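Undergrad: File model14.tsv follows (TSV, C-alpha atoms and all ligand atoms):
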chain	number	residue	atom	x	y	z
A	1	MET	CA	25.20	-127.52	-123.28
A	2	SER	CA	25.99	-125.62	-126.48
A	3	ASP	CA	29.43	-124.05	-126.98
A	4	VAL	CA	29.71	-120.38	-125.97
A	5	THR	CA	32.55	-117.97	-126.52
A	6	LEU	CA	33.63	-116.00	-123.46
A	7	ASN	CA	34.77	-112.50	-124.29
A	8	PRO	CA	36.65	-110.88	-121.38
A	9	GLU	CA	37.12	-107.70	-123.43
A	10	VAL	CA	33.37	-107.10	-123.42
A	11	THR	CA	33.28	-107.62	-119.65
A	12	GLU	CA	36.13	-105.11	-119.26
A	13	MET	CA	34.23	-102.58	-121.39
A	14	ILE	CA	31.17	-102.88	-119.12
A	15	LEU	CA	33.31	-102.54	-115.99
A	16	ASP	CA	35.09	-99.49	-117.48
A	17	ALA	CA	31.74	-97.90	-118.37
A	18	GLY	CA	30.74	-97.94	-114.70
A	19	GLY	CA	29.30	-101.45	-114.27
A	20	GLU	CA	31.69	-102.42	-111.45
A	21	ASP	CA	28.85	-104.12	-109.56
A	22	LEU	CA	28.95	-106.93	-112.14
A	23	ARG	CA	31.46	-108.57	-109.81
A	24	MET	CA	29.11	-108.51	-106.80
A	25	CYS	CA	26.23	-110.47	-108.31
A	26	TYR	CA	26.09	-114.09	-107.16
A	27	GLN	CA	23.24	-115.01	-109.50
A	28	CYS	CA	20.53	-115.72	-106.93
A	29	GLY	CA	17.79	-114.61	-109.35
A	30	THR	CA	15.83	-112.47	-106.86
A	31	CYS	CA	15.95	-109.58	-109.33
A	32	THR	CA	14.40	-111.64	-112.10
A	33	GLY	CA	11.73	-112.90	-109.72
A	34	SER	CA	10.75	-109.37	-108.73
A	35	CYS	CA	10.91	-107.60	-112.11
A	36	PRO	CA	7.42	-106.37	-113.07
A	37	TRP	CA	7.97	-107.46	-116.68
A	38	ASN	CA	7.43	-111.00	-115.36
A	39	MET	CA	3.71	-110.25	-115.51
A	40	LEU	CA	4.04	-109.46	-119.22
A	41	SER	CA	6.61	-110.50	-121.85
A	42	GLY	CA	9.41	-111.01	-119.31
A	43	LEU	CA	12.83	-109.53	-118.57
A	44	ASN	CA	15.64	-111.49	-116.95
A	45	PRO	CA	18.06	-109.06	-115.25
A	46	ARG	CA	19.99	-111.98	-113.72
A	47	GLY	CA	20.55	-113.35	-117.22
A	48	VAL	CA	21.57	-109.94	-118.60
A	49	ILE	CA	24.10	-109.61	-115.78
A	50	ARG	CA	25.39	-113.16	-116.41
A	51	LYS	CA	26.01	-112.30	-120.03
A	52	GLY	CA	27.88	-109.20	-118.88
A	53	GLN	CA	29.98	-111.17	-116.36
A	54	PHE	CA	31.19	-113.52	-119.08
A	55	GLY	CA	31.12	-111.09	-121.99
A	56	LEU	CA	28.63	-113.35	-123.75
A	57	GLU	CA	26.91	-112.28	-126.92
A	58	GLY	CA	23.29	-111.33	-126.59
A	59	PHE	CA	23.36	-108.73	-123.81
A	60	GLU	CA	22.69	-106.15	-126.49
A	61	GLY	CA	19.23	-107.60	-127.22
A	62	GLU	CA	15.74	-106.30	-126.61
A	63	GLU	CA	15.81	-107.07	-122.85
A	64	LEU	CA	18.41	-104.44	-122.09
A	65	TRP	CA	16.15	-101.69	-123.45
A	66	LYS	CA	13.05	-102.93	-121.63
A	67	CYS	CA	14.42	-102.04	-118.20
A	68	VAL	CA	12.45	-99.03	-116.96
A	69	THR	CA	14.91	-98.38	-114.08
A	70	CYS	CA	12.06	-98.85	-111.61
A	71	ASN	CA	14.42	-100.12	-108.88
A	72	THR	CA	12.03	-102.92	-107.85
A	73	CYS	CA	14.87	-105.43	-108.23
A	74	MET	CA	17.44	-103.27	-106.46
A	75	VAL	CA	15.45	-102.85	-103.27
A	76	ARG	CA	15.31	-106.66	-103.02
A	77	CYS	CA	18.79	-107.69	-104.17
A	78	PRO	CA	20.56	-109.35	-101.18
A	79	ARG	CA	23.93	-108.08	-102.46
A	80	GLN	CA	22.66	-104.53	-103.11
A	81	VAL	CA	23.95	-104.74	-106.65
A	82	ASP	CA	23.45	-101.55	-108.68
A	83	ILE	CA	21.48	-103.43	-111.32
A	84	THR	CA	20.29	-100.38	-113.24
A	85	GLY	CA	23.85	-99.02	-113.12
A	86	ILE	CA	25.02	-102.20	-114.88
A	87	MET	CA	22.22	-101.86	-117.42
A	88	ARG	CA	23.22	-98.23	-118.04
A	89	SER	CA	26.86	-99.21	-118.57
A	90	MET	CA	25.85	-101.84	-121.10
A	91	ARG	CA	23.55	-99.36	-122.82
A	92	SER	CA	26.27	-96.73	-123.01
A	93	ILE	CA	28.51	-99.13	-124.96
A	94	LEU	CA	25.74	-99.71	-127.48
A	95	VAL	CA	24.82	-96.02	-127.70
A	96	GLU	CA	28.49	-95.28	-128.41
A	97	MET	CA	28.34	-97.87	-131.21
A	98	ASP	CA	25.04	-96.39	-132.44
A	99	GLN	CA	23.27	-99.73	-131.91
A	100	TYR	CA	20.13	-98.80	-130.04
A	101	PRO	CA	16.40	-98.37	-130.74
A	102	LYS	CA	15.46	-95.60	-133.17
A	103	SER	CA	12.84	-94.05	-130.88
A	104	LEU	CA	15.47	-93.56	-128.17
A	105	ARG	CA	17.87	-92.10	-130.73
A	106	THR	CA	15.27	-89.48	-131.65
A	107	ALA	CA	14.92	-88.50	-127.97
A	108	LEU	CA	18.70	-88.22	-127.48
A	109	ASN	CA	19.17	-86.22	-130.71
A	110	SER	CA	16.50	-83.79	-129.56
A	111	LEU	CA	18.20	-83.53	-126.16
A	112	ASP	CA	21.52	-82.82	-127.82
A	113	GLN	CA	20.20	-80.21	-130.22
A	114	GLU	CA	17.40	-78.51	-128.28
A	115	GLY	CA	17.99	-79.46	-124.63
A	116	ASN	CA	14.77	-81.48	-124.34
A	117	PRO	CA	13.79	-84.99	-125.45
A	118	TRP	CA	10.39	-83.99	-126.93
A	119	LEU	CA	11.50	-82.35	-130.23
A	120	GLY	CA	10.56	-78.90	-128.91
A	121	LEU	CA	12.55	-75.79	-129.78
A	122	LYS	CA	14.85	-74.53	-127.04
A	123	SER	CA	13.42	-71.04	-127.49
A	124	GLU	CA	9.92	-72.40	-126.74
A	125	ARG	CA	10.81	-73.78	-123.29
A	126	PRO	CA	9.24	-70.86	-121.36
A	127	ALA	CA	6.03	-70.91	-123.49
A	128	TRP	CA	4.14	-72.96	-120.86
A	129	ILE	CA	4.04	-69.94	-118.56
A	130	GLN	CA	2.42	-67.62	-121.12
A	131	GLY	CA	-0.32	-65.43	-119.67
A	132	MET	CA	0.70	-66.06	-116.06
A	133	ASP	CA	2.43	-63.38	-114.08
A	134	VAL	CA	5.56	-65.26	-113.03
A	135	LYS	CA	8.81	-63.44	-112.41
A	136	THR	CA	12.23	-64.41	-113.62
A	137	TYR	CA	14.33	-65.75	-110.75
A	138	THR	CA	16.77	-63.19	-109.38
A	139	GLU	CA	19.25	-63.59	-106.55
A	140	GLY	CA	17.36	-63.44	-103.26
A	141	THR	CA	14.15	-65.04	-104.60
A	142	GLU	CA	13.38	-67.90	-102.22
A	143	TYR	CA	12.64	-70.72	-104.66
A	144	LEU	CA	13.49	-71.57	-108.25
A	145	LEU	CA	10.60	-73.49	-109.83
A	146	PHE	CA	12.22	-75.92	-112.27
A	147	SER	CA	9.77	-77.09	-114.92
A	148	CYS	CA	10.70	-80.44	-116.36
A	149	CYS	CA	10.87	-80.83	-120.16
A	150	THR	CA	7.62	-82.79	-120.14
A	151	THR	CA	5.60	-80.10	-118.34
A	152	ALA	CA	7.27	-77.42	-120.46
A	153	TYR	CA	6.54	-78.97	-123.88
A	154	ASP	CA	3.77	-81.55	-123.56
A	155	PRO	CA	0.33	-79.88	-123.83
A	156	ARG	CA	-1.36	-82.30	-121.38
A	157	THR	CA	1.19	-82.01	-118.60
A	158	GLN	CA	1.71	-78.25	-118.99
A	159	LYS	CA	-1.45	-78.02	-116.90
A	160	ILE	CA	0.40	-79.57	-113.93
A	161	ALA	CA	3.01	-76.81	-113.98
A	162	ARG	CA	0.43	-74.06	-114.51
A	163	ASP	CA	-1.73	-75.39	-111.66
A	164	LEU	CA	1.29	-75.48	-109.40
A	165	VAL	CA	1.98	-71.84	-110.24
A	166	LYS	CA	-1.64	-70.98	-109.34
A	167	ILE	CA	-1.30	-72.74	-105.98
A	168	PHE	CA	1.99	-71.00	-105.16
A	169	GLN	CA	0.58	-67.63	-106.18
A	170	SER	CA	-2.51	-68.22	-104.01
A	171	VAL	CA	-0.33	-68.52	-100.90
A	172	GLY	CA	2.16	-65.81	-101.89
A	173	LEU	CA	5.17	-68.14	-102.23
A	174	ASP	CA	8.27	-66.27	-103.39
A	175	PHE	CA	9.40	-68.13	-106.51
A	176	GLY	CA	10.71	-67.48	-109.99
A	177	ILE	CA	11.64	-69.38	-113.11
A	178	LEU	CA	14.71	-69.55	-115.36
A	179	ASP	CA	13.28	-71.52	-118.27
A	180	HIS	CA	14.87	-69.18	-120.80
A	181	GLU	CA	18.29	-70.39	-119.60
A	182	THR	CA	17.93	-73.88	-118.10
A	183	THR	CA	17.87	-77.13	-120.00
A	184	CYS	CA	16.82	-80.76	-119.38
A	185	CYS	CA	18.09	-82.16	-116.06
A	186	GLY	CA	19.65	-84.96	-118.14
A	187	ASP	CA	17.73	-87.94	-116.73
A	188	PRO	CA	16.92	-89.43	-120.18
A	189	ALA	CA	20.56	-89.12	-121.32
A	190	HIS	CA	21.77	-90.71	-118.08
A	191	ASN	CA	19.38	-93.64	-118.19
A	192	ILE	CA	19.33	-94.33	-121.92
A	193	GLY	CA	23.13	-94.38	-121.77
A	194	ASN	CA	24.83	-91.24	-123.08
A	195	PRO	CA	27.00	-90.08	-120.14
A	196	GLU	CA	28.75	-87.40	-122.19
A	197	LEU	CA	25.47	-85.74	-123.12
A	198	PHE	CA	24.33	-86.03	-119.50
A	199	GLU	CA	27.49	-84.24	-118.30
A	200	ASN	CA	26.95	-81.42	-120.82
A	201	LEU	CA	23.37	-80.83	-119.66
A	202	LYS	CA	24.42	-81.02	-116.01
A	203	ASP	CA	27.23	-78.49	-116.54
A	204	GLU	CA	24.86	-76.14	-118.31
A	205	ASN	CA	22.26	-76.20	-115.51
A	206	GLU	CA	24.80	-76.05	-112.70
A	207	GLY	CA	26.32	-72.98	-114.38
A	208	VAL	CA	22.91	-71.25	-114.52
A	209	PHE	CA	22.04	-72.13	-110.90
A	210	SER	CA	25.38	-70.87	-109.70
A	211	GLN	CA	25.25	-67.66	-111.77
A	212	TYR	CA	21.84	-66.75	-110.29
A	213	GLY	CA	22.76	-67.78	-106.74
A	214	VAL	CA	19.98	-70.37	-106.52
A	215	LYS	CA	19.59	-71.83	-103.00
A	216	LYS	CA	16.31	-73.79	-103.18
A	217	ILE	CA	14.88	-75.61	-106.18
A	218	ILE	CA	11.33	-76.94	-106.43
A	219	THR	CA	11.10	-79.73	-108.99
A	220	ILE	CA	7.90	-80.91	-110.66
A	221	SER	CA	9.21	-84.23	-111.94
A	222	PRO	CA	10.61	-86.83	-109.54
A	223	HIS	CA	13.19	-87.54	-112.27
A	224	CYS	CA	14.59	-83.99	-111.98
A	225	TYR	CA	14.38	-84.31	-108.18
A	226	LYS	CA	16.42	-87.50	-108.12
A	227	THR	CA	18.90	-86.26	-110.74
A	228	PHE	CA	19.60	-82.95	-108.97
A	229	SER	CA	19.77	-84.64	-105.55
A	230	ASP	CA	22.07	-87.53	-106.46
A	231	LEU	CA	23.96	-86.67	-109.63
A	232	TYR	CA	24.57	-82.90	-109.53
A	233	ASP	CA	27.34	-81.20	-107.57
A	234	MET	CA	25.38	-78.48	-105.80
A	235	GLU	CA	26.47	-78.33	-102.20
A	236	GLY	CA	24.28	-76.04	-100.14
A	237	VAL	CA	21.39	-76.07	-102.62
A	238	GLU	CA	18.18	-77.56	-101.22
A	239	ILE	CA	16.28	-79.74	-103.68
A	240	LEU	CA	12.57	-80.28	-103.11
A	241	HIS	CA	9.82	-82.13	-104.87
A	242	TYR	CA	6.67	-80.04	-105.13
A	243	THR	CA	4.64	-82.53	-103.05
A	244	GLN	CA	7.00	-81.84	-100.13
A	245	VAL	CA	6.37	-78.10	-100.46
A	246	LEU	CA	2.59	-78.63	-100.66
A	247	ALA	CA	2.64	-81.01	-97.66
A	248	ASP	CA	4.52	-78.38	-95.60
A	249	LEU	CA	2.15	-75.61	-96.66
A	250	ILE	CA	-0.85	-77.78	-95.74
A	251	GLU	CA	0.65	-78.87	-92.42
A	252	SER	CA	1.42	-75.29	-91.41
A	253	GLY	CA	-2.13	-74.21	-92.32
A	254	VAL	CA	-0.98	-71.80	-95.03
A	255	LEU	CA	-2.61	-73.88	-97.76
A	256	LYS	CA	-6.12	-75.10	-97.07
A	257	PRO	CA	-7.65	-77.27	-99.79
A	258	LYS	CA	-11.44	-76.98	-99.50
A	259	GLY	CA	-12.12	-80.67	-100.03
A	260	LEU	CA	-13.33	-82.66	-103.00
A	261	ASP	CA	-15.95	-85.39	-103.33
A	262	GLY	CA	-15.32	-88.86	-104.64
A	263	THR	CA	-12.93	-91.77	-104.37
A	264	ILE	CA	-9.19	-91.70	-104.97
A	265	THR	CA	-6.15	-93.95	-105.05
A	266	TYR	CA	-2.50	-92.94	-105.35
A	267	HIS	CA	0.20	-94.24	-107.69
A	268	ASP	CA	3.75	-93.89	-106.27
A	269	PRO	CA	6.14	-92.66	-109.00
A	270	CYS	CA	9.28	-94.87	-108.87
A	271	TYR	CA	11.65	-91.88	-108.81
A	272	LEU	CA	9.84	-90.25	-105.88
A	273	GLY	CA	9.25	-93.49	-103.96
A	274	ARG	CA	11.77	-96.28	-104.42
A	275	HIS	CA	14.51	-94.00	-105.77
A	276	SER	CA	14.10	-91.13	-103.29
A	277	GLY	CA	12.23	-92.65	-100.34
A	278	GLU	CA	9.42	-90.08	-100.36
A	279	TYR	CA	6.13	-91.85	-99.68
A	280	GLU	CA	4.49	-89.65	-97.03
A	281	ALA	CA	4.42	-86.11	-98.48
A	282	PRO	CA	2.18	-87.04	-101.43
A	283	ARG	CA	-0.10	-89.01	-99.09
A	284	LYS	CA	-0.46	-85.97	-96.82
A	285	VAL	CA	-1.56	-84.01	-99.90
A	286	VAL	CA	-4.02	-86.75	-100.89
A	287	GLU	CA	-5.47	-86.84	-97.37
A	288	SER	CA	-5.90	-83.04	-97.34
A	289	LEU	CA	-8.35	-83.35	-100.25
A	290	GLY	CA	-10.94	-85.06	-98.06
A	291	MET	CA	-11.74	-87.73	-100.67
A	292	GLN	CA	-12.27	-91.39	-99.83
A	293	PHE	CA	-8.73	-92.78	-100.18
A	294	THR	CA	-7.96	-96.45	-100.89
A	295	GLU	CA	-4.42	-97.74	-101.39
A	296	MET	CA	-3.67	-100.09	-104.24
A	297	GLU	CA	-2.41	-103.49	-103.15
A	298	ARG	CA	1.07	-102.68	-104.49
A	299	ASN	CA	1.98	-99.39	-102.86
A	300	ARG	CA	5.05	-97.57	-101.54
A	301	ASP	CA	8.22	-99.64	-102.21
A	302	ARG	CA	6.12	-102.41	-103.75
A	303	ALA	CA	4.32	-100.08	-106.17
A	304	LEU	CA	4.10	-101.17	-109.78
A	305	CYS	CA	5.97	-98.97	-112.26
A	306	CYS	CA	4.08	-97.07	-115.01
A	307	GLY	CA	6.76	-98.04	-117.53
A	308	GLY	CA	7.93	-94.48	-118.27
A	309	GLY	CA	11.41	-94.41	-116.71
A	310	GLY	CA	14.75	-95.41	-118.22
A	311	GLY	CA	13.68	-94.35	-121.71
A	312	GLY	CA	10.42	-96.33	-121.44
A	313	ALA	CA	8.40	-93.23	-122.30
A	314	TRP	CA	9.97	-93.31	-125.79
A	315	ARG	CA	10.06	-97.05	-126.37
A	316	GLU	CA	7.47	-98.46	-128.75
A	317	THR	CA	5.30	-101.06	-127.01
A	318	LYS	CA	2.20	-103.01	-127.95
A	319	THR	CA	-1.14	-103.12	-126.17
A	320	GLY	CA	-1.05	-106.11	-123.84
A	321	ASP	CA	2.64	-105.58	-123.07
A	322	ARG	CA	2.48	-102.32	-121.11
A	323	LEU	CA	3.11	-101.91	-117.38
A	324	ALA	CA	0.75	-98.91	-117.33
A	325	GLU	CA	-2.14	-101.16	-118.37
A	326	LEU	CA	-1.47	-103.45	-115.41
A	327	ARG	CA	-1.36	-100.44	-113.11
A	328	ILE	CA	-4.64	-99.08	-114.45
A	329	GLU	CA	-6.29	-102.47	-113.88
A	330	GLU	CA	-5.04	-102.38	-110.30
A	331	ALA	CA	-6.26	-98.80	-109.78
A	332	VAL	CA	-9.70	-99.57	-111.22
A	333	GLY	CA	-9.83	-102.63	-108.94
A	334	THR	CA	-9.78	-100.37	-105.86
A	335	GLY	CA	-13.10	-98.87	-106.93
A	336	ALA	CA	-11.57	-95.39	-107.03
A	337	LYS	CA	-12.68	-93.00	-109.76
A	338	VAL	CA	-9.45	-90.99	-109.63
A	339	VAL	CA	-5.88	-92.19	-109.60
A	340	ALA	CA	-3.58	-89.43	-108.43
A	341	THR	CA	0.11	-89.28	-109.16
A	342	ALA	CA	2.94	-86.76	-108.88
A	343	CYS	CA	5.05	-87.25	-111.99
A	344	PRO	CA	4.47	-86.10	-115.57
A	345	PHE	CA	5.82	-89.38	-117.01
A	346	CYS	CA	3.37	-91.38	-114.87
A	347	MET	CA	0.57	-89.09	-116.01
A	348	LEU	CA	1.30	-89.70	-119.70
A	349	MET	CA	1.89	-93.44	-119.34
A	350	LEU	CA	-1.19	-94.06	-117.16
A	351	GLU	CA	-3.44	-92.00	-119.45
A	352	ASP	CA	-2.20	-94.00	-122.43
A	353	GLY	CA	-2.77	-97.22	-120.48
A	354	ALA	CA	-6.33	-96.22	-119.58
A	355	LYS	CA	-7.09	-95.29	-123.20
A	356	SER	CA	-5.67	-98.49	-124.67
A	357	LEU	CA	-7.81	-100.51	-122.21
A	358	ASN	CA	-10.87	-98.33	-122.94
A	359	LYS	CA	-11.00	-97.52	-119.24
A	360	ASP	CA	-10.53	-93.76	-119.56
A	361	GLU	CA	-14.24	-93.34	-118.76
A	362	ASP	CA	-13.90	-95.50	-115.64
A	363	ILE	CA	-11.00	-93.71	-114.01
A	364	GLN	CA	-9.39	-90.28	-114.32
A	365	ILE	CA	-5.65	-89.77	-113.99
A	366	ARG	CA	-4.89	-86.53	-112.17
A	367	ASP	CA	-1.72	-85.01	-110.83
A	368	LEU	CA	-1.82	-83.92	-107.19
A	369	ALA	CA	-1.12	-80.33	-108.28
A	370	GLU	CA	-4.23	-80.40	-110.46
A	371	LEU	CA	-6.36	-81.78	-107.63
A	372	VAL	CA	-5.13	-79.24	-105.10
A	373	ALA	CA	-5.63	-76.38	-107.58
A	374	SER	CA	-9.19	-77.53	-108.30
A	375	SER	CA	-9.94	-77.61	-104.57
A	376	LEU	CA	-8.87	-74.00	-103.92
B	401	LIG	S1	19.26	-110.16	-106.97
B	401	LIG	FE1	21.31	-109.25	-106.93
B	401	LIG	S2	22.73	-110.95	-106.47
B	401	LIG	FE2	20.75	-111.86	-107.05
B	401	LIG	S3	20.97	-112.27	-109.29
B	401	LIG	FE3	20.02	-110.25	-109.09
B	401	LIG	S4	21.74	-108.79	-109.09
B	401	LIG	FE4	22.60	-110.82	-108.70
B	402	LIG	S1	14.90	-101.88	-112.66
B	402	LIG	FE1	12.78	-102.61	-112.84
B	402	LIG	S2	12.51	-103.10	-115.03
B	402	LIG	FE2	14.72	-102.94	-114.65
B	402	LIG	S3	15.35	-105.03	-114.26
B	402	LIG	FE3	14.95	-104.08	-112.27
B	402	LIG	S4	12.84	-104.60	-111.79
B	402	LIG	FE4	13.13	-105.00	-113.99
Could you write out this structure as structure tokens?
TA:
Amino acid sequence: MSDVTLNPEVTEMILDAGGEDLRMCYQCGTCTGSCPWNMLSGLNPRGVIRKGQFGLEGFEGEELWKCVTCNTCMVRCPRQVDITGIMRSMRSILVEMDQYPKSLRTALNSLDQEGNPWLGLKSERPAWIQGMDVKTYTEGTEYLLFSCCTTAYDPRTQKIARDLVKIFQSVGLDFGILDHETTCCGDPAHNIGNPELFENLKDENEGVFSQYGVKKIITISPHCYKTFSDLYDMEGVEILHYTQVLADLIESGVLKPKGLDGTITYHDPCYLGRHSGEYEAPRKVVESLGMQFTEMERNRDRALCCGGGGGGAWRETKTGDRLAELRIEEAVGTGAKVVATACPFCMLMLEDGAKSLNKDEDIQIRDLAELVASSL
């Protein structure tokens, strides 16, 4: 065995940055065996953790940035180690030292300066709603509709937010927006590893929600849903994902999709499924469409990640080494002509995957909001 230098100071830095679970890992390797990167160029979370436990050089390598925080390893770890929490702590040390991939730096700089990771101007955040008669949230409005940065700035996914507005307006839901005041929920800052920036964004949003007396928030992105639910201090505020609202409206008979033809499969977004435990609401929405529904082999807590979480949406990857391409192959394998999802990151990643495989003619990627709106 070659000589290695143990560096307890590095281990202490990781523990101080929030990676306390380093101590719980007994190196069984289940995480490495379950990581979806095994089907591509590989990622060894057990090894990354080992390096952290001993303060060994090399934890700062490429592997650390490949983790898409999909939680596949965490739901299987026999010690319930917060593996992504350890990864985040390690990342935060490197972000602090300015030693991290350039594409992620661009996203964090944009977040810091404009409150979104997509290089959009802060003043342009409400532009997605142009031409639609949507009121500004005032105290007493039932729901705040929180558009995520992706649906606010990205031209493709703006349609998801606009279609959701059309659905809510069709059933007379009492909702408003505060896009002229709110900012990113902070998920990219949290997961790429800038806790200070995350806290600033969180404080800003919490201040706005409190000032307007917000009691119920409908999120479009599962990343905002998870972040508000688990990382914000908002006692008494109900956080919902839009699929839960649609499922309730359908179940109570208020919303009646007219039915669509064709075949469909459903891709579970990691932050709605594994992270938040919501598997049924989106399936109720799928079933309401009346299409022929086939599950992919890997579904619910075994679903394959699209590769967009944990900064993955900004990481540069090569064709042949993309989780989204694997997922598209699996979706096409069901025979379905539509793969539905409920997350703007999944939408972008899966569309890119289908294009890079030249399968965009074989299968369409549609958000559930788009499908419901087209069935009204
Ligand atoms: S599965 Fe859990 S205990 Fe096993 S190596 Fe991974 S983190 Fe450690
Ligand atoms: S969270 Fe996902 S990508 Fe990251 S190490 Fe675990 S299984 Fe692999």
Undergrad: Considering all atoms listed in the file, can you say which of A:Thr84, A:Ser374, A:Thr72, A:Asn109 comes closest to Ile49 in chain A?
TA: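 Residue with the minimum atom-to-atom distance to Ile49 in chain A: A:Thr84.
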Undergrad: Which residues of chain A come within 8 Å of ligand LIG 402 (chain B), and for each one, what is the closest pair of atoms and their distance in Å to one decimal, counting only C-alpha atoms and all ligand atoms, sorted by chain and residue number, as a Markdown table?
TA:
| residue | atom | partner | partner_atom | distance |
| --- | --- | --- | --- | --- |
| A:Cys31 | CA | B:LIG402 | FE3 | 6.3 |
| A:Thr32 | CA | B:LIG402 | S3 | 7.0 |
| A:Ser34 | CA | B:LIG402 | S4 | 6.0 |
| A:Cys35 | CA | B:LIG402 | S4 | 3.6 |
| A:Pro36 | CA | B:LIG402 | S4 | 5.8 |
| A:Trp37 | CA | B:LIG402 | FE4 | 6.3 |
| A:Leu43 | CA | B:LIG402 | FE4 | 6.4 |
| A:Asn44 | CA | B:LIG402 | S3 | 7.0 |
| A:Pro45 | CA | B:LIG402 | S3 | 5.0 |
| A:Lys66 | CA | B:LIG402 | S2 | 6.6 |
| A:Cys67 | CA | B:LIG402 | FE2 | 3.7 |
| A:Val68 | CA | B:LIG402 | S2 | 4.5 |
| A:Thr69 | CA | B:LIG402 | S1 | 3.8 |
| A:Cys70 | CA | B:LIG402 | FE1 | 4.0 |
| A:Asn71 | CA | B:LIG402 | S1 | 4.2 |
| A:Thr72 | CA | B:LIG402 | S4 | 4.4 |
| A:Cys73 | CA | B:LIG402 | S4 | 4.2 |
| A:Met74 | CA | B:LIG402 | FE3 | 6.4 |
| A:Ile83 | CA | B:LIG402 | FE3 | 6.6 |
| A:Thr84 | CA | B:LIG402 | S1 | 5.6 |
| A:Cys305 | CA | B:LIG402 | FE1 | 7.7 |
Undergrad: So, with all atoms listed in the file as the atoms that count, which of A:Lys226, A:Arg79, A:Lys359, A:Lys256 lies closest to ligand LIG 401 (chain B)?
TA: A:Arg79
Undergrad: May I have the residues within 6 Å of ligand LIG 401 (chain B), computed using all atoms listed in the file, as a compact mmCIF listing (two decimals) with C-alpha atoms, in the coordinates of the input?
TA:
# COMPACT_ATOMS: atom_id res chain seq x y z
CA CYS A 25 26.23 -110.47 -108.31
CA TYR A 26 26.09 -114.09 -107.16
CA GLN A 27 23.24 -115.01 -109.50
CA CYS A 28 20.53 -115.72 -106.93
CA GLY A 29 17.79 -114.61 -109.35
CA THR A 30 15.83 -112.47 -106.86
CA CYS A 31 15.95 -109.58 -109.33
CA ARG A 46 19.99 -111.98 -113.72
CA CYS A 77 18.79 -107.69 -104.17
CA PRO A 78 20.56 -109.35 -101.18
CA ARG A 79 23.93 -108.08 -102.46
CA VAL A 81 23.95 -104.74 -106.65
CA ILE A 83 21.48 -103.43 -111.32
Undergrad: Nearest to Gly172 in chain A among A:Tyr143, A:Asp301, A:Pro282, A:Met347, with distances taken over only C-alpha atoms: which residue is it?
TA: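 Result for the nearest residue to Gly172 in chain A: A:Tyr143.
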Undergrad: Residues proximal to (-0.6, -103.6, -103.1) were defined as those with any atom within 12 Å of that point in the file's coordinates, counting all atoms listed in the file. Which are they, as a list in words?
TA: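 It turns out the residues near that spot are Thr265, Tyr266, His267, Asp268, Thr294, Glu295, Met296, Glu297, Arg298, Asn299, Arg300, Asp301, Arg302, Ala303, Leu304, Arg327, Glu330, Ala331, Gly333 and Thr334 of chain A.
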Undergrad: Return the single residue from A:Leu289, A:Cys224, A:Leu144, A:Ile264 that is closest to Lys202 in chain A, with distances computed using all atoms listed in the file.
TA: A:Cys224
Undergrad: Give the answer as one residue: which of A:Glu196, A:Glu181, A:Asp233, A:Glu238 has the shortest atom-to-atom distance to Val214 in chain A, using all atoms listed in the file?
TA: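 For Val214 in chain A, the nearest of the given residues is A:Glu238.
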Undergrad: I'd like the contact shell of Leu371 in chain A - 10 Å cut-off, all atoms listed in the file, skipping same-chain residues fewer than 6 positions apart - returned as a list in words.
TA: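 Here the qualifying residues turn out to be Ile160, Asp163, Pro257, Gly259, Leu260, Val285, Val286, Leu289, Val338 and Ala340 of chain A.
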Undergrad: Counting only C-alpha atoms, figure out which residue out of A:Leu231, A:Cys270, A:Leu119, A:Leu64 gets nearest to Ile192 in chain A.
TA: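 The closest residue to Ile192 in chain A is A:Leu64.
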Undergrad: For Ser92 in chain A, work out the shell of residues within 8 Å, counting all atoms listed in the file and skipping chain neighbours fewer than 4 positions away, then give it as a list in words.
TA: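 Close residues of Ser92 in chain A: Ala17, Arg88, Glu96, Ile192, Gly193, Asn194 and Pro195 of chain A.
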Undergrad: Hey, can you check how far CA of Ile239 in chain A sits from CA of Thr219 in chain A?
TA: 7.4 Å
Undergrad: Report as number ranges by chain all protein, DNA and RNA residues lying within 9 Å of Glu60 in chain A, evaluated on all atoms listed in the file, omitting residues in the same chain fewer than 4 positions from it.
TA: A: 48, 64-65, 90-91, 94, 99-100
Undergrad: For a test of reading the model, state the distance in Å between CA of Gly277 in chain A and CA of Asp248 in chain A, rounded to one decimal.
TA: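 Taking CA of Gly277 in chain A as the start and CA of Asp248 in chain A as the end point, the length is 16.9 Å.
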Undergrad: Between CA of Asn200 in chain A and CA of Tyr212 in chain A, what is the distance in Å, rounded to a tenth?
TA: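 One can read the CA of Asn200 in chain A to CA of Tyr212 in chain A distance as 18.8 Å.
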Undergrad: Lys122 in chain A: which residues within 10 Å, counting all atoms listed in the file, same-chain residues fewer than 4 positions away excluded, as a list in words?
TA: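 Using all atoms listed in the file, the neighbours found are Ser110, Leu111, Gln113, Glu114, Gly115, Asn116, Pro126, Tyr153, Asp179, His180, Glu181, Thr182 and Thr183 of chain A.
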